[in-house]
file data.pdb (PDB, C-alpha atoms)
ATOM      1  CA  MET N   1      41.786 -15.539 -28.229
ATOM      2  CA  ALA N   2      43.332 -12.403 -26.719
ATOM      3  CA  PHE N   3      40.342 -10.349 -27.924
ATOM      4  CA  ILE N   4      37.886 -12.719 -26.192
ATOM      5  CA  LEU N   5      39.867 -12.568 -22.955
ATOM      6  CA  THR N   6      39.882  -8.749 -23.129
ATOM      7  CA  VAL N   7      36.108  -8.665 -23.652
ATOM      8  CA  LEU N   8      35.528 -11.066 -20.747
ATOM      9  CA  LYS N   9      37.809  -8.977 -18.559
ATOM     10  CA  LEU N  10      35.854  -5.802 -19.385
ATOM     11  CA  ILE N  11      32.554  -7.581 -18.681
ATOM     12  CA  GLY N  12      33.888  -8.783 -15.323
ATOM     13  CA  ILE N  13      35.045  -5.292 -14.377
ATOM     14  CA  LEU N  14      31.658  -3.852 -15.375
ATOM     15  CA  LEU N  15      29.784  -6.447 -13.302
ATOM     16  CA  ALA N  16      32.055  -5.788 -10.318
ATOM     17  CA  VAL N  17      31.363  -2.043 -10.570
ATOM     18  CA  VAL N  18      27.598  -2.622 -10.781
ATOM     19  CA  ILE N  19      27.631  -4.982  -7.778
ATOM     20  CA  ALA N  20      29.733  -2.491  -5.794
ATOM     21  CA  LEU N  21      27.290   0.315  -6.582
ATOM     22  CA  VAL N  22      24.317  -1.832  -5.539
ATOM     23  CA  CYS N  23      26.060  -2.714  -2.260
ATOM     24  CA  VAL N  24      26.838   0.953  -1.580
ATOM     25  CA  VAL N  25      23.226   1.975  -2.249
ATOM     26  CA  MET N  26      21.889  -0.802   0.026
ATOM     27  CA  ALA N  27      24.345   0.178   2.759
ATOM     28  CA  VAL N  28      23.280   3.817   2.527
ATOM     29  CA  VAL N  29      19.578   2.879   2.653
ATOM     30  CA  LEU N  30      20.015   0.583   5.663
ATOM     31  CA  ILE N  31      22.536   2.617   7.654
ATOM     32  CA  MET N  32      21.518   6.242   7.041
ATOM     33  CA  PRO N  33      19.016   7.319   9.713
ATOM     34  CA  LEU N  34      15.633   8.736   8.902
ATOM     35  CA  GLY N  35      15.201  11.762  11.158
ATOM     36  CA  TYR N  36      11.879  13.194  12.286
ATOM     37  CA  GLU N  37      10.850  16.234  14.303
ATOM     38  CA  LEU N  38       7.491  17.399  15.605
ATOM     39  CA  SER N  39       6.513  20.575  17.425
ATOM     40  CA  GLY N  40       3.140  21.930  18.400
ATOM     41  CA  GLU N  41       1.395  24.356  20.709
ATOM     42  CA  LYS N  42      -2.106  25.104  21.952
ATOM     43  CA  TYR N  43      -2.958  28.481  23.357
ATOM     44  CA  GLU N  44      -5.518  30.630  21.587
ATOM     45  CA  LYS N  45      -5.016  28.552  18.429
ATOM     46  CA  ILE N  46      -3.680  25.102  17.673
ATOM     47  CA  LYS N  47      -0.494  25.064  15.623
ATOM     48  CA  ALA N  48       1.735  22.154  14.658
ATOM     49  CA  SER N  49       4.610  21.461  12.302
ATOM     50  CA  ALA N  50       6.601  18.338  11.452
ATOM     51  CA  PHE N  51       9.223  17.193   9.023
ATOM     52  CA  VAL N  52      10.979  13.982   8.033
ATOM     53  CA  LYS N  53      14.413  14.076   6.418
ATOM     54  CA  TRP N  54      16.662  11.420   4.918
ATOM     55  CA  LEU N  55      20.129  11.327   3.327
ATOM     56  CA  PHE N  56      21.419  14.463   5.076
ATOM     57  CA  GLY N  57      18.233  16.344   4.184
ATOM     58  CA  ILE N  58      18.368  15.580   0.453
ATOM     59  CA  ILE N  59      14.860  14.138   0.753
ATOM     60  CA  ARG N  60      12.602  16.136   3.050
ATOM     61  CA  VAL N  61       8.862  16.049   3.774
ATOM     62  CA  GLU N  62       7.335  19.016   5.615
ATOM     63  CA  ILE N  63       3.871  19.327   7.135
ATOM     64  CA  SER N  64       2.374  22.326   8.943
ATOM     65  CA  TYR N  65      -1.099  22.786  10.399
ATOM     66  CA  ASP N  66      -3.121  25.533  11.979
ATOM     67  CA  GLU N  67      -6.836  25.899  12.479
ATOM     68  CA  GLU N  68      -7.279  27.206   8.953
ATOM     69  CA  GLU N  69      -5.393  24.820   6.651
ATOM     70  CA  LEU N  70      -2.974  21.927   6.306
ATOM     71  CA  ILE N  71       0.154  22.525   4.203
ATOM     72  CA  TYR N  72       2.510  19.764   3.075
ATOM     73  CA  SER N  73       5.395  19.555   0.642
ATOM     74  CA  LEU N  74       8.069  17.190  -0.647
ATOM     75  CA  LYS N  75      11.500  18.654  -1.279
ATOM     76  CA  LEU N  76      14.450  17.187  -3.162
ATOM     77  CA  PHE N  77      17.816  18.957  -2.872
ATOM     78  CA  GLY N  78      15.988  21.900  -1.305
ATOM     79  CA  LYS N  79      13.575  22.340  -4.224
ATOM     80  CA  THR N  80       9.873  21.675  -3.883
ATOM     81  CA  VAL N  81       8.874  18.673  -5.987
ATOM     82  CA  TYR N  82       5.301  18.229  -4.759
ATOM     83  CA  PRO N  83       2.941  20.027  -4.955
ATOM     84  CA  LYS N  84       4.187  21.855  -8.027
ATOM     85  CA  LYS N  85       3.505  25.573  -8.188
ATOM     86  CA  GLU N  86       1.238  26.709 -10.967
ATOM     87  CA  LYS N  87       3.145  28.781 -13.503
ATOM     88  CA  GLU N  88       1.526  31.947 -14.780
ATOM     89  CA  THR N  89       1.012  31.705 -18.508
ATOM     90  CA  GLU N  90       1.142  34.827 -20.637
ATOM     91  CA  ILE N  91      -1.381  35.062 -23.458
ATOM     92  CA  LYS N  92      -0.307  37.044 -26.471
ATOM     93  CA  VAL N  93      -3.105  38.862 -28.274
ATOM     94  CA  ARG N  94      -2.697  39.694 -31.917
ATOM     95  CA  GLY N  95      -4.753  42.476 -33.501
ATOM     96  CA  GLY N  96      -6.912  43.192 -30.396
ATOM     97  CA  ALA N  97      -8.046  40.872 -27.621
ATOM     98  CA  ASP N  98     -11.757  41.677 -27.908
ATOM     99  CA  LYS N  99     -12.083  40.795 -31.587
ATOM    100  CA  LYS N 100     -13.268  37.348 -32.410
ATOM    101  CA  GLU N 101     -12.228  35.561 -35.498
ATOM    102  CA  GLU N 102     -15.140  35.118 -37.813
ATOM    103  CA  SER N 103     -15.161  32.041 -39.963
ATOM    104  CA  PRO N 104     -16.679  32.634 -43.388
ATOM    105  CA  ALA N 105     -19.958  30.847 -43.785
ATOM    106  CA  VAL N 106     -20.215  28.847 -46.943
ATOM    107  CA  SER N 107     -23.767  28.478 -48.164
ATOM    108  CA  GLU N 108     -24.604  26.232 -50.982
ATOM    109  CA  LYS N 109     -27.956  26.573 -52.692
ATOM    110  CA  GLU N 110     -29.488  23.516 -54.192
ATOM    111  CA  PRO N 111     -30.837  23.953 -57.716
ATOM    112  CA  ALA N 112     -34.589  24.514 -57.857
ATOM    113  CA  ASP N 113     -35.029  22.243 -60.843
ATOM    114  CA  LYS N 114     -33.478  19.272 -59.069
ATOM    115  CA  LYS N 115     -36.019  16.495 -58.796
ATOM    116  CA  ILE N 116     -36.299  14.497 -55.650
ATOM    117  CA  PRO N 117     -36.340  10.790 -56.485
ATOM    118  CA  GLN N 118     -39.367   9.011 -55.125
ATOM    119  CA  PRO N 119     -39.031   5.542 -53.639
ATOM    120  CA  LYS N 120     -40.290   2.664 -55.779
ATOM    121  CA  PRO N 121     -43.153   0.575 -54.426
ATOM    122  CA  ALA N 122     -41.911  -2.568 -52.737
ATOM    123  CA  GLN N 123     -42.597  -5.760 -54.679
ATOM    124  CA  LYS N 124     -44.107  -8.688 -52.867
ATOM    125  CA  GLU N 125     -41.798 -11.637 -52.719
ATOM    126  CA  GLU N 126     -43.330 -15.051 -53.201
ATOM    127  CA  PRO N 127     -42.504 -17.557 -50.478
ATOM    128  CA  ALA N 128     -39.881 -20.049 -51.581
ATOM    129  CA  LYS N 129     -41.146 -23.546 -52.002
ATOM    130  CA  LYS N 130     -39.621 -26.115 -49.779
ATOM    131  CA  VAL N 131     -37.799 -28.763 -51.694
ATOM    132  CA  GLN N 132     -37.829 -32.072 -49.955
ATOM    133  CA  PRO N 133     -34.596 -33.995 -50.489
ATOM    134  CA  LYS N 134     -34.944 -37.389 -52.076
ATOM    135  CA  GLU N 135     -34.094 -40.283 -49.892
ATOM    136  CA  THR N 136     -30.984 -41.969 -51.057
ATOM    137  CA  ALA N 137     -30.122 -45.588 -50.702
ATOM    138  CA  MET N 138     -27.520 -44.775 -48.033
ATOM    139  CA  ALA N 139     -30.091 -42.868 -45.934
ATOM    140  CA  LYS N 140     -32.490 -45.799 -46.122
ATOM    141  CA  LYS N 141     -29.713 -48.117 -45.121
ATOM    142  CA  ASP N 142     -28.892 -46.054 -41.989
ATOM    143  CA  ALA N 143     -32.538 -45.554 -41.070
ATOM    144  CA  ASP N 144     -32.654 -48.626 -38.861
ATOM    145  CA  PRO N 145     -29.259 -48.800 -37.090
ATOM    146  CA  LYS N 146     -28.495 -51.730 -34.842
ATOM    147  CA  VAL N 147     -28.505 -50.773 -31.144
ATOM    148  CA  THR N 148     -26.229 -52.610 -28.708
ATOM    149  CA  ARG N 149     -27.192 -52.417 -25.067
ATOM    150  CA  VAL N 150     -24.490 -52.085 -22.409
ATOM    151  CA  LYS N 151     -25.229 -52.500 -18.741
ATOM    152  CA  MET N 152     -23.919 -49.489 -16.800
ATOM    153  CA  PRO N 153     -22.919 -49.866 -13.179
ATOM    154  CA  GLU N 154     -25.331 -48.398 -10.691
ATOM    155  CA  VAL N 155     -24.485 -45.277  -8.726
ATOM    156  CA  SER N 156     -24.402 -47.276  -5.508
ATOM    157  CA  ASP N 157     -21.549 -49.426  -6.862
ATOM    158  CA  PHE N 158     -19.082 -46.483  -6.722
ATOM    159  CA  PRO N 159     -17.624 -45.559  -3.318
ATOM    160  CA  GLU N 160     -18.673 -42.073  -2.186
ATOM    161  CA  GLU N 161     -15.752 -39.690  -1.704
ATOM    162  CA  GLU N 162     -15.960 -37.575   1.407
ATOM    163  CA  PRO N 163     -15.510 -33.869   0.649
ATOM    164  CA  LYS N 164     -12.266 -32.440   2.045
ATOM    165  CA  GLU N 165     -12.614 -29.638   4.548
ATOM    166  CA  LYS N 166     -11.113 -26.436   3.233
ATOM    167  CA  MET N 167      -8.584 -24.872   5.599
ATOM    168  CA  THR N 168      -8.392 -21.142   6.109
ATOM    169  CA  LEU N 169      -5.369 -19.196   7.256
ATOM    170  CA  LYS N 170      -6.973 -18.554  10.631
ATOM    171  CA  SER N 171      -7.719 -22.236  11.263
ATOM    172  CA  PHE N 172      -4.199 -23.169  10.148
ATOM    173  CA  VAL N 173      -2.568 -20.721  12.572
ATOM    174  CA  ILE N 174      -4.824 -21.751  15.477
ATOM    175  CA  GLY N 175      -4.258 -25.453  14.806
ATOM    176  CA  TYR N 176      -0.506 -25.015  14.518
ATOM    177  CA  ILE N 177      -0.310 -23.079  17.794
ATOM    178  CA  LYS N 178      -2.348 -25.766  19.578
ATOM    179  CA  ASP N 179      -0.014 -28.501  18.339
ATOM    180  CA  MET N 180       3.167 -26.619  19.298
ATOM    181  CA  PRO N 181       5.165 -27.917  22.245
ATOM    182  CA  ASN N 182       5.153 -25.737  25.349
ATOM    183  CA  GLU N 183       8.849 -24.943  25.016
ATOM    184  CA  ASP N 184       8.346 -23.654  21.469
ATOM    185  CA  LYS N 185       5.362 -21.566  22.584
ATOM    186  CA  LYS N 186       7.374 -19.907  25.344
ATOM    187  CA  LYS N 187      10.297 -19.241  23.040
ATOM    188  CA  ALA N 188       8.034 -17.795  20.316
ATOM    189  CA  VAL N 189       6.248 -15.479  22.773
ATOM    190  CA  THR N 190       9.582 -14.346  24.261
ATOM    191  CA  SER N 191      11.005 -13.624  20.785
ATOM    192  CA  VAL N 192       7.943 -11.611  19.687
ATOM    193  CA  LEU N 193       7.921  -9.547  22.895
ATOM    194  CA  SER N 194      11.649  -8.909  22.527
ATOM    195  CA  LEU N 195      11.074  -7.719  18.943
ATOM    196  CA  LEU N 196       8.293  -5.335  19.975
ATOM    197  CA  LYS N 197      10.314  -3.968  22.884
ATOM    198  CA  GLY N 198      13.365  -3.368  20.700
ATOM    199  CA  MET N 199      11.374  -1.694  17.908
ATOM    200  CA  ILE N 200       9.510   0.602  20.321
ATOM    201  CA  LYS N 201      12.757   1.567  22.043
ATOM    202  CA  HIS N 202      14.374   2.303  18.680
ATOM    203  CA  ILE N 203      11.457   4.334  17.290
ATOM    204  CA  LEU N 204      10.736   6.391  20.423
ATOM    205  CA  PRO N 205      12.108   9.957  20.299
ATOM    206  CA  LYS N 206      15.524  10.678  21.724
ATOM    207  CA  ASP N 207      14.488  14.223  22.636
ATOM    208  CA  LEU N 208      11.115  14.932  24.253
ATOM    209  CA  ARG N 209      10.041  18.225  25.841
ATOM    210  CA  ILE N 210       6.579  18.909  27.192
ATOM    211  CA  TYR N 211       5.336  22.017  28.965
ATOM    212  CA  ALA N 212       1.644  22.170  29.820
ATOM    213  CA  VAL N 213      -0.893  23.720  32.178
ATOM    214  CA  ILE N 214      -3.884  21.484  32.844
ATOM    215  CA  GLY N 215      -7.029  22.098  34.860
ATOM    216  CA  THR N 216     -10.171  19.960  35.128
ATOM    217  CA  ASP N 217     -13.557  20.216  36.786
ATOM    218  CA  ASP N 218     -12.447  17.820  39.523
ATOM    219  CA  PRO N 219      -9.325  18.868  41.466
ATOM    220  CA  SER N 220      -8.592  15.214  42.300
ATOM    221  CA  VAL N 221      -8.332  14.363  38.586
ATOM    222  CA  THR N 222      -5.922  17.269  38.165
ATOM    223  CA  GLY N 223      -3.831  15.867  40.990
ATOM    224  CA  TYR N 224      -3.739  12.418  39.356
ATOM    225  CA  ILE N 225      -2.527  13.996  36.107
ATOM    226  CA  LEU N 226       0.271  15.832  37.918
ATOM    227  CA  ALA N 227       1.315  12.616  39.670
ATOM    228  CA  ALA N 228       1.354  10.686  36.371
ATOM    229  CA  SER N 229       3.470  13.377  34.727
ATOM    230  CA  GLY N 230       5.976  13.205  37.603
ATOM    231  CA  ILE N 231       6.220   9.414  37.269
ATOM    232  CA  ALA N 232       6.712   9.729  33.489
ATOM    233  CA  ARG N 233       9.472  12.286  34.004
ATOM    234  CA  GLY N 234      11.291  10.041  36.453
ATOM    235  CA  PHE N 235      10.852   6.931  34.309
ATOM    236  CA  THR N 236      11.929   8.445  30.970
ATOM    237  CA  GLY N 237      14.313  11.125  32.154
ATOM    238  CA  LYS N 238      12.841  13.562  29.622
ATOM    239  CA  ASP N 239      12.004  17.213  30.120
ATOM    240  CA  ILE N 240       8.344  16.936  31.109
ATOM    241  CA  LEU N 241       6.825  19.785  33.100
ATOM    242  CA  VAL N 242       3.094  19.846  33.811
ATOM    243  CA  GLN N 243       1.489  22.444  36.082
ATOM    244  CA  GLY N 244      -1.988  22.203  37.514
ATOM    245  CA  ASP N 245      -4.754  24.761  37.591
ATOM    246  CA  PHE N 246      -7.174  23.789  40.377
ATOM    247  CA  GLU N 247      -9.519  26.725  39.823
ATOM    248  CA  ASN N 248     -10.071  26.893  36.054
ATOM    249  CA  LYS N 249     -10.690  24.267  33.422
ATOM    250  CA  ARG N 250      -8.082  24.599  30.684
ATOM    251  CA  ALA N 251      -5.453  22.712  28.730
ATOM    252  CA  GLU N 252      -2.640  24.527  26.999
ATOM    253  CA  GLY N 253       1.045  24.117  26.409
ATOM    254  CA  GLU N 254       3.822  23.125  24.041
ATOM    255  CA  VAL N 255       5.412  19.869  22.908
ATOM    256  CA  PHE N 256       8.627  19.085  21.036
ATOM    257  CA  VAL N 257       9.639  15.630  19.753
ATOM    258  CA  LYS N 258      12.787  14.647  17.894
ATOM    259  CA  GLY N 259      14.150  11.239  16.943
ATOM    260  CA  ARG N 260      15.570   9.023  14.229
ATOM    261  CA  ILE N 261      14.977   5.578  12.765
ATOM    262  CA  ARG N 262      17.466   3.274  11.064
ATOM    263  CA  LEU N 263      15.908   0.812   8.635
ATOM    264  CA  GLY N 264      18.885  -1.516   9.003
ATOM    265  CA  ALA N 265      18.290  -1.883  12.747
ATOM    266  CA  LEU N 266      14.596  -2.734  12.220
ATOM    267  CA  LEU N 267      15.486  -5.224   9.489
ATOM    268  CA  TYR N 268      18.058  -6.892  11.774
ATOM    269  CA  MET N 269      15.439  -7.324  14.524
ATOM    270  CA  ILE N 270      12.945  -8.881  12.108
ATOM    271  CA  ILE N 271      15.512 -11.293  10.643
ATOM    272  CA  ARG N 272      16.582 -12.346  14.148
ATOM    273  CA  LEU N 273      12.952 -13.162  14.963
ATOM    274  CA  LEU N 274      12.454 -15.166  11.755
ATOM    275  CA  LEU N 275      15.557 -17.265  12.454
ATOM    276  CA  THR N 276      14.333 -18.510  15.837
ATOM    277  CA  ARG N 277      13.402 -22.198  15.767
ATOM    278  CA  PRO N 278       9.612 -21.975  16.425
ATOM    279  CA  ILE N 279       9.078 -19.171  13.910
ATOM    280  CA  ARG N 280      11.298 -20.891  11.337
ATOM    281  CA  LYS N 281       9.340 -24.161  11.652
ATOM    282  CA  PHE N 282       6.054 -22.267  11.300
ATOM    283  CA  ILE N 283       7.243 -20.549   8.106
ATOM    284  CA  ILE N 284       8.376 -23.865   6.570
ATOM    285  CA  ARG N 285       5.021 -25.483   7.405
ATOM    286  CA  PHE N 286       3.118 -22.518   5.964
ATOM    287  CA  ILE N 287       5.070 -22.677   2.686
ATOM    288  CA  LYS N 288       4.153 -26.379   2.330
ATOM    289  CA  VAL N 289       0.387 -25.923   2.860
ATOM    290  CA  ARG N 290      -0.179 -22.463   1.390
ATOM    291  CA  GLY N 291      -1.613 -23.961  -1.810
ATOM    292  CA  GLU N 292      -4.386 -25.675   0.200
ATOM    293  CA  LEU N 293      -5.445 -22.549   2.083
ATOM    294  CA  VAL N 294      -8.583 -20.692   1.107
TER
END

call {"tool": "encode", "arguments": {"input": "data.pdb", "output": "structure tokens"}}
result
Amino acid sequence: MAFILTVLKLIGILLAVVIALVCVVMAVVLIMPLGYELSGEKYEKIKASAFVKWLFGIIRVEISYDEEELIYSLKLFGKTVYPKKEKETEIKVRGGADKKEESPAVSEKEPADKKIPQPKPAQKEEPAKKVQPKETAMAKKDADPKVTRVKMPEVSDFPEEEPKEKMTLKSFVIGYIKDMPNEDKKKAVTSVLSLLKGMIKHILPKDLRIYAVIGTDDPSVTGYILAASGIARGFTGKDILVQGDFENKRAEGEVFVKGRIRLGALLYMIIRLLLTRPIRKFIIRFIKVRGELV
């Protein structure tokens, strides 16, 4: 009995350790931010570089681009995992590299006196005579079976079943939205807009710097661009500086973007949307009728 209790105790401790490790991994995945950074410039050539890092830079994806080529790599603990570099293989040559190994040719001569067997003429086969089976007494007895006639109901006697209209996912969604009360519609629209606003605010970069010189054929268009850049700078509070060139047509400058994304925050927003009453009722209704959808 004591041995069984000891084994059960060890199993419980092992399960507790496994569950704790799973919880720690999930917490790290949901809480640790995924950082991204992008920088680019356009003067004589277009150049850009970006990277995404996670878990304090343990996992890192780098991308760089110029007008000639696009280079990308995946690094793990600072070592490039993809694409793998081709290793130079050394070929050892024994006894001279230019000499080819000759395989001895084995020639076998057939004896001259060997006779070639000639095929025998094919014999004509006589067609087999058909043997007609003798009629037995049982066969004669079953030759004239008694036939009983049964009156079958006419087709018109059965009621015609109307074919059921097949419902598609699109028709289901449209029909459900039409049947929703106005209060539920307003609440659903408000919840979806709140989700989109929160996700955009979370994903947008925390650091944004833009320096550019822009000139167009029409000076008025250049003025509109400068006004829009001033409004964007006042609205976002970011470092946005755009200068206008009213004499020449050109577009050049630099841009720098840096931000981070937490998967846990996005997951929390999605769960909060799914738990609202209109969305929850829609999901329950969809689960009930999903087998009937085409």

call {"tool": "residues_around", "arguments": {"input": "data.pdb", "residues": "range 235-240 of chain N", "least_positions_apart": "4", "cutoff": "12 Å", "atoms": "all atoms listed in the file", "output": "list in words"}}
result
Lys201, Leu204, Pro205, Lys206, Asp207, Leu208, Arg209, Ile210, Tyr211, Ala212, Val213, Leu226, Ala227, Ala228, Ser229, Gly230, Ile231, Gly253, Glu254, Val255, Phe256, Val257 and Lys258 of chain N

call {"tool": "residues_around", "arguments": {"input": "data.pdb", "residues": "Met180 in chain N", "least_positions_apart": "5", "cutoff": "10 Å", "atoms": "all atoms listed in the file", "output": "VMD selection string"}}
result
chain N and resid 175 185 to 186 278 282

call {"tool": "closest_residue", "arguments": {"input": "data.pdb", "among": "N:Lys187, N:Ile261, N:Lys166, N:Ile59", "to": "Ile279 in chain N", "atoms": "only C-alpha atoms"}}
result
N:Lys187

call {"tool": "residues_around", "arguments": {"input": "data.pdb", "residues": "Pro83 in chain N", "least_positions_apart": "4", "cutoff": "9 Å", "atoms": "all atoms listed in the file", "output": "list in words"}}
result
Tyr72, Ser73 and Leu74 of chain N

call {"tool": "atom_distance", "arguments": {"input": "data.pdb", "atom1": "CA of Tyr224 in chain N", "atom2": "CA of Tyr43 in chain N"}}
result
22.7 Å

call {"tool": "residues_around", "arguments": {"input": "data.pdb", "residues": "Val294 in chain N", "least_positions_apart": "5", "cutoff": "12 Å", "atoms": "all atoms listed in the file", "output": "PyMOL selection string"}}
result
chain N and resi 165-172+289

call {"tool": "residues_near_point", "arguments": {"input": "data.pdb", "point": "(-8.0, 23.4, 38.7)", "cutoff": "7 Å", "atoms": "only C-alpha atoms", "output": "PyMOL selection string"}}
result
chain N and resi 215-217+219+222+244-249

call {"tool": "resolve_selection", "arguments": {"input": "data.pdb", "expression": "the PyMOL selection byres ((chain N and resi 48) around 8)", "output": "PyMOL selection string"}}
result
chain N and resi 38-41+46-47+49-50+64-66

call {"tool": "atom_distance", "arguments": {"input": "data.pdb", "atom1": "CA of Ala188 in chain N", "atom2": "CA of Lys288 in chain N"}}
result
20.3 Å

call {"tool": "resolve_selection", "arguments": {"input": "data.pdb", "expression": "the PyMOL selection byres ((chain N and resi 260) around 10)", "output": "PyMOL selection string"}}
result
chain N and resi 32-37+52-54+202-207+258-259+261-263
